[in-house]
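Peer 1: Handing you a structure now.
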Amino acid sequence: MLSLLGYLTVAVILALLLTNRVAAVVALAGVPLAAALAAGFGPDEIGGFVKDGLGGVVGTTTMFVFAIVYFGLMRDAGMFDPIIARIVRFAGSAPVTVCVGTAVLAMAAHLDGAGATTFLITIPAMLPLFDRLGMSRLVLTTCVGLGAGVMNLLPWGGPTARAATTVEVDANELWVPLIPAQLTGMVAVVVIAWWLGRREARRLATEDVTTVGVDTEAAAAEQRTPLAVGARTADGPAGPTGRDEGAAAGDRERSDRPTDQAPDDAAAEEDLRRPRLFWFDVGLTVLVVAALVSGIAPPEVCFLAGVVVALVVNYPGLRRQTERIEAHATGAMLMATTLLAAGVFLGILEGTGMIDAMATSAASLIPGGLAPGLPLLVGVLGVPLSLLFGPDAYYFGVMPVLIGVGEQFGVSGEAIARASLLGEETTGFPISPLTGSFFLLVGLGGVQIGSHIRHLLTWAWLVSLVMLAVAVVTGAVPLWA
């Protein structure tokens, strides 16, 4: 009963998120609350589950709120402007180079194994560039997600550490045999980023040609029949070849591009810029990120201190500081409510026992005849399984049961663990609503959760399968035990 209710709860939440039917907070908090009541738990018990779940995400939520405000202040002050200008000159405004650079930057930033750090470094730096070039933000989150996912196999990363704990081996014993697969995955990520960049370049070129064609046709019509056009627009809307409609279409297209701003907006942004404080802001950001990576202080404290210093130095005075906080309050509040709702979701699923029941029932569905091919099956399904199980639920709940089944047929636990690491919450974590950093990725990127999952799922799965093929060839994962 609990396992069925758990699967139903996850399925309803995924359906609501993937179809963009409701806000994330409604799906993540409302559905689990209803499921807990349906399972027969009382308000007091549910309250305890919610409290435990919120306790697990409050630190992360606090960090995300201050991180959003901090990087928003840095954007306001213009710290990214010179960086973007240099990247644009290097790339020549070429979407291919921008996409490849974004993926490489994400891989480099993820060397510490923390998804939140990667997204906090990469998205704010590259988002203005994507907007300036008119590129899709979904391509940005896809390139960043692929780069971070393929690096999440590192032995100090969360999934590998969990898997090593479950199998009771050193993390390097799992990771070292997977190094050829990981290197191949990194190459695959760069190739996919290159292809996505080419596709974006073709799309942008088509849009530009379409806009120019509309304007040219309208201008030609105006030159051919200026009096007729004038008469028609005086009486009503211009026809398909009239100047008014063609110009309006072109103007609407150009007004949607982030490079064109109203004079008042441009003046307001210029007033926020602090070019004389550029190197101070860069140094402050380096210090904040270094403190975050080194772990000398909790992440929320690092960003809180950064926000305080940035406000005092860049925008002294109560009025200016209040205006800057209010300017970024909407994004911070949306992120905070989503993360807290995710805490409610996780707390209820764990407290009611649904997660444990789901793990046991999932393992029992595997036919005995397929057990020798269990590592291959786990590797193939790793990425989509990330939509159902978070890292703790899988590596501490599902995987131990899978290992127990596999050992009955001579399949080693290390083989199942390595196969799992090629997809489950590694390349799959940027599409998993069961991890807090996922919401940071979509929140900072400004994309819809469902749209992001649909756009990234196929590419993440492809990278996972490429790595699995290499792991099978090198013997890290057996084809049939």
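Labels used: A, B, ... for chains in the order of the structure tokens, numbers from 1 for residues in each chain, and numbers from 1 for ligands as shown.
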Go through region 266-339 of chain A and flag each residue having an atom no more than 12 Å from region 55-66 of chain A; for those, report the closest pair of atoms plus their distance in Å to one decimal, using only C-alpha atoms, ordered by chain and rising number, as JSON lines.

Peer 2:
{"residue": "A:Val288", "atom": "CA", "partner": "A:Phe66", "partner_atom": "CA", "distance": 11.7}
{"residue": "A:Leu292", "atom": "CA", "partner": "A:Met63", "partner_atom": "CA", "distance": 10.4}
{"residue": "A:Ala297", "atom": "CA", "partner": "A:Met63", "partner_atom": "CA", "distance": 11.7}
{"residue": "A:Pro298", "atom": "CA", "partner": "A:Gly59", "partner_atom": "CA", "distance": 8.5}
{"residue": "A:Pro299", "atom": "CA", "partner": "A:Met63", "partner_atom": "CA", "distance": 5.9}
{"residue": "A:Glu300", "atom": "CA", "partner": "A:Met63", "partner_atom": "CA", "distance": 3.9}
{"residue": "A:Val301", "atom": "CA", "partner": "A:Met63", "partner_atom": "CA", "distance": 7.5}
{"residue": "A:Cys302", "atom": "CA", "partner": "A:Met63", "partner_atom": "CA", "distance": 8.3}
{"residue": "A:Phe303", "atom": "CA", "partner": "A:Phe66", "partner_atom": "CA", "distance": 5.5}
{"residue": "A:Leu304", "atom": "CA", "partner": "A:Phe66", "partner_atom": "CA", "distance": 5.7}
{"residue": "A:Ala305", "atom": "CA", "partner": "A:Phe66", "partner_atom": "CA", "distance": 9.1}
{"residue": "A:Gly306", "atom": "CA", "partner": "A:Phe66", "partner_atom": "CA", "distance": 8.5}
{"residue": "A:Val307", "atom": "CA", "partner": "A:Phe66", "partner_atom": "CA", "distance": 6.8}
{"residue": "A:Val308", "atom": "CA", "partner": "A:Phe66", "partner_atom": "CA", "distance": 9.8}
{"residue": "A:Ala310", "atom": "CA", "partner": "A:Phe66", "partner_atom": "CA", "distance": 11.6}
{"residue": "A:Ile325", "atom": "CA", "partner": "A:Phe66", "partner_atom": "CA", "distance": 10.1}
{"residue": "A:His328", "atom": "CA", "partner": "A:Val65", "partner_atom": "CA", "distance": 9.4}
{"residue": "A:Ala329", "atom": "CA", "partner": "A:Val65", "partner_atom": "CA", "distance": 8.6}
{"residue": "A:Thr330", "atom": "CA", "partner": "A:Val65", "partner_atom": "CA", "distance": 10.2}
{"residue": "A:Gly331", "atom": "CA", "partner": "A:Val65", "partner_atom": "CA", "distance": 8.4}
{"residue": "A:Ala332", "atom": "CA", "partner": "A:Val65", "partner_atom": "CA", "distance": 4.9}
{"residue": "A:Met333", "atom": "CA", "partner": "A:Val65", "partner_atom": "CA", "distance": 7.3}
{"residue": "A:Leu334", "atom": "CA", "partner": "A:Val65", "partner_atom": "CA", "distance": 9.3}
{"residue": "A:Met335", "atom": "CA", "partner": "A:Val65", "partner_atom": "CA", "distance": 7.1}
{"residue": "A:Ala336", "atom": "CA", "partner": "A:Thr61", "partner_atom": "CA", "distance": 5.5}
{"residue": "A:Thr337", "atom": "CA", "partner": "A:Thr61", "partner_atom": "CA", "distance": 8.6}
{"residue": "A:Thr338", "atom": "CA", "partner": "A:Thr61", "partner_atom": "CA", "distance": 9.0}
{"residue": "A:Leu339", "atom": "CA", "partner": "A:Thr61", "partner_atom": "CA", "distance": 6.1}

Peer 1: Write out as a tab-separated table (two decimals) with N, CA and C atoms, in the first residue's frame each polymer residue whose atoms come within 9 Å of Ala35 (chain A), counting only C-alpha atoms; drop sequence neighbours fewer than 3 positions from it.

Peer 2:
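Result saved to selection28.tsv:
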chain	number	residue	atom	x	y	z
A	5	LEU	N	1.23	4.01	-3.01
A	5	LEU	CA	0.90	5.40	-2.74
A	5	LEU	C	2.12	6.29	-3.00
A	6	GLY	N	3.32	5.79	-2.68
A	6	GLY	CA	4.53	6.56	-2.94
A	6	GLY	C	4.76	6.77	-4.42
A	8	LEU	N	2.50	6.66	-6.75
A	8	LEU	CA	1.45	7.53	-7.23
A	8	LEU	C	1.75	8.99	-6.90
A	9	THR	N	2.27	9.22	-5.70
A	9	THR	CA	2.62	10.58	-5.30
A	9	THR	C	3.69	11.16	-6.21
A	30	GLY	N	1.64	20.20	-1.77
A	30	GLY	CA	0.23	19.80	-1.70
A	30	GLY	C	0.01	18.32	-1.90
A	31	VAL	N	0.65	17.75	-2.91
A	31	VAL	CA	0.44	16.33	-3.22
A	31	VAL	C	0.93	15.43	-2.08
A	32	PRO	N	2.13	15.62	-1.53
A	32	PRO	CA	2.56	14.76	-0.42
A	32	PRO	C	1.68	14.90	0.82
A	38	ALA	N	-4.11	10.43	3.09
A	38	ALA	CA	-4.73	9.24	2.51
A	38	ALA	C	-4.15	7.97	3.11
A	39	ALA	N	-2.88	8.02	3.55
A	39	ALA	CA	-2.23	6.84	4.15
A	39	ALA	C	-2.66	6.63	5.59
A	40	GLY	N	-3.45	7.56	6.13
A	40	GLY	CA	-3.97	7.38	7.48
A	40	GLY	C	-3.18	8.07	8.57
A	348	ILE	N	7.94	14.06	4.14
A	348	ILE	CA	6.75	13.19	4.20
A	348	ILE	C	7.06	11.81	3.62

Peer 1: Near Val50 (chain A), counting only C-alpha atoms, which residues have an atom at most 12 Å away, once you skip same-chain residues fewer than 5 positions from it, shown as a ChimeraX atom specification?

Peer 2: /A:28-30,32-33,36,43-45,55-58,340-352

Peer 1: Taking 4 positions as the minimum chain separation for residues in the same chain, which residues sit within 10 Å of Leu388 (chain A) when counting only C-alpha atoms? Answer as JSON, numbers by chain.

Peer 2: {"A": [6, 7, 10, 11, 14, 355, 358, 383, 384, 393, 394, 424, 432, 433, 434]}

Peer 1: Record the distance separating CA of Ala181 (chain A) and CA of Leu468 (chain A), expressed in Å with one decimal.

Peer 2: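 Calculated distance between CA of Ala181 (chain A) and CA of Leu468 (chain A) is 7.0 Å.
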
Peer 1: Check the smallest atom-to-atom distance from each of A:Leu16, A:Val104, A:Val98, A:Ala161 to Gly197 (chain A) using only C-alpha atoms, then report the winner.

Peer 2: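 Distance minimum relative to Gly197 (chain A) lands on A:Val98.
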
Peer 1: What is the CA of Val398 (chain A) to CA of Ser420 (chain A) distance in Å?

Peer 2: 10.7 Å

Peer 1: Using only C-alpha atoms for the distances, tell me which of A:Leu4, A:Val139, A:Leu287, A:Ile68 is nearest to Gly443 (chain A).

Peer 2: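 The shortest atom-to-atom distance to Gly443 (chain A) comes from A:Ile68.
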
Peer 1: Rounded to one decimal, what separation in Å do you get between CA of Arg75 (chain A) and CA of Ala125 (chain A)?

Peer 2: 8.9 Å

Peer 1: Which residues are close to region 169-178 of chain A, i.e. within 7 Å by only C-alpha atoms, leaving aside same-chain residues fewer than 4 positions away? Reply as a list in words.

Peer 2: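 After dropping sequence-adjacent residues, the list is Leu154, Pro155, Thr160, Ala161, Ala164, Thr165, Gln182, Glu414, Arg418, Ala471 and Ala476 of chain A.
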
Peer 1: Could you save the residues just selected, with C-alpha atoms, as a compact mmCIF listing (two decimals), in the first residue's frame?

Peer 2:
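Result went into part-v6.txt, see below:
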# COMPACT_ATOMS: atom_id res chain seq x y z
CA LEU A 154 34.34 12.29 -8.93
CA PRO A 155 35.18 10.31 -5.78
CA THR A 160 30.24 8.14 -5.41
CA ALA A 161 30.65 8.72 -1.69
CA ALA A 164 31.18 3.54 -1.66
CA THR A 165 29.55 3.69 1.76
CA GLN A 182 34.14 9.67 -17.60
CA GLU A 414 30.91 -3.03 -7.09
CA ARG A 418 29.65 1.50 -10.93
CA ALA A 471 32.57 1.04 -19.21
CA ALA A 476 34.33 -1.72 -15.47

Peer 1: As a count of residues only, please: the residues near Gln448 (chain A) (cut-off 12 Å, only C-alpha atoms, same-chain neighbours under 4 positions excluded).

Peer 2: 24

Peer 1: Ranking A:Leu183, A:Val477, A:Val69, A:Met354 by minimum distance to Ser3 (chain A) and counting only C-alpha atoms, which one comes first?

Peer 2: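 The closest residue to Ser3 (chain A) is A:Met354.
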
Peer 1: Write out as an MDAnalysis selection string the residues lying within 7 Å of Thr184 (chain A), counting only C-alpha atoms and excluding same-chain residues fewer than 4 positions away.

Peer 2: chainID A and resid 180 188 467

Peer 1: Would you mind exporting the chosen residues as a tab-separated table (two decimals), in the first residue's frame, restricted to N, CA and C atoms?

Peer 2:
chain	number	residue	atom	x	y	z
A	180	PRO	N	38.11	6.07	-17.82
A	180	PRO	CA	37.95	6.14	-19.29
A	180	PRO	C	36.53	6.51	-19.71
A	188	ALA	N	31.90	13.75	-25.01
A	188	ALA	CA	30.53	13.72	-25.52
A	188	ALA	C	29.78	15.00	-25.16
A	467	MET	N	28.86	6.64	-21.87
A	467	MET	CA	29.77	6.23	-20.81
A	467	MET	C	29.58	4.76	-20.44
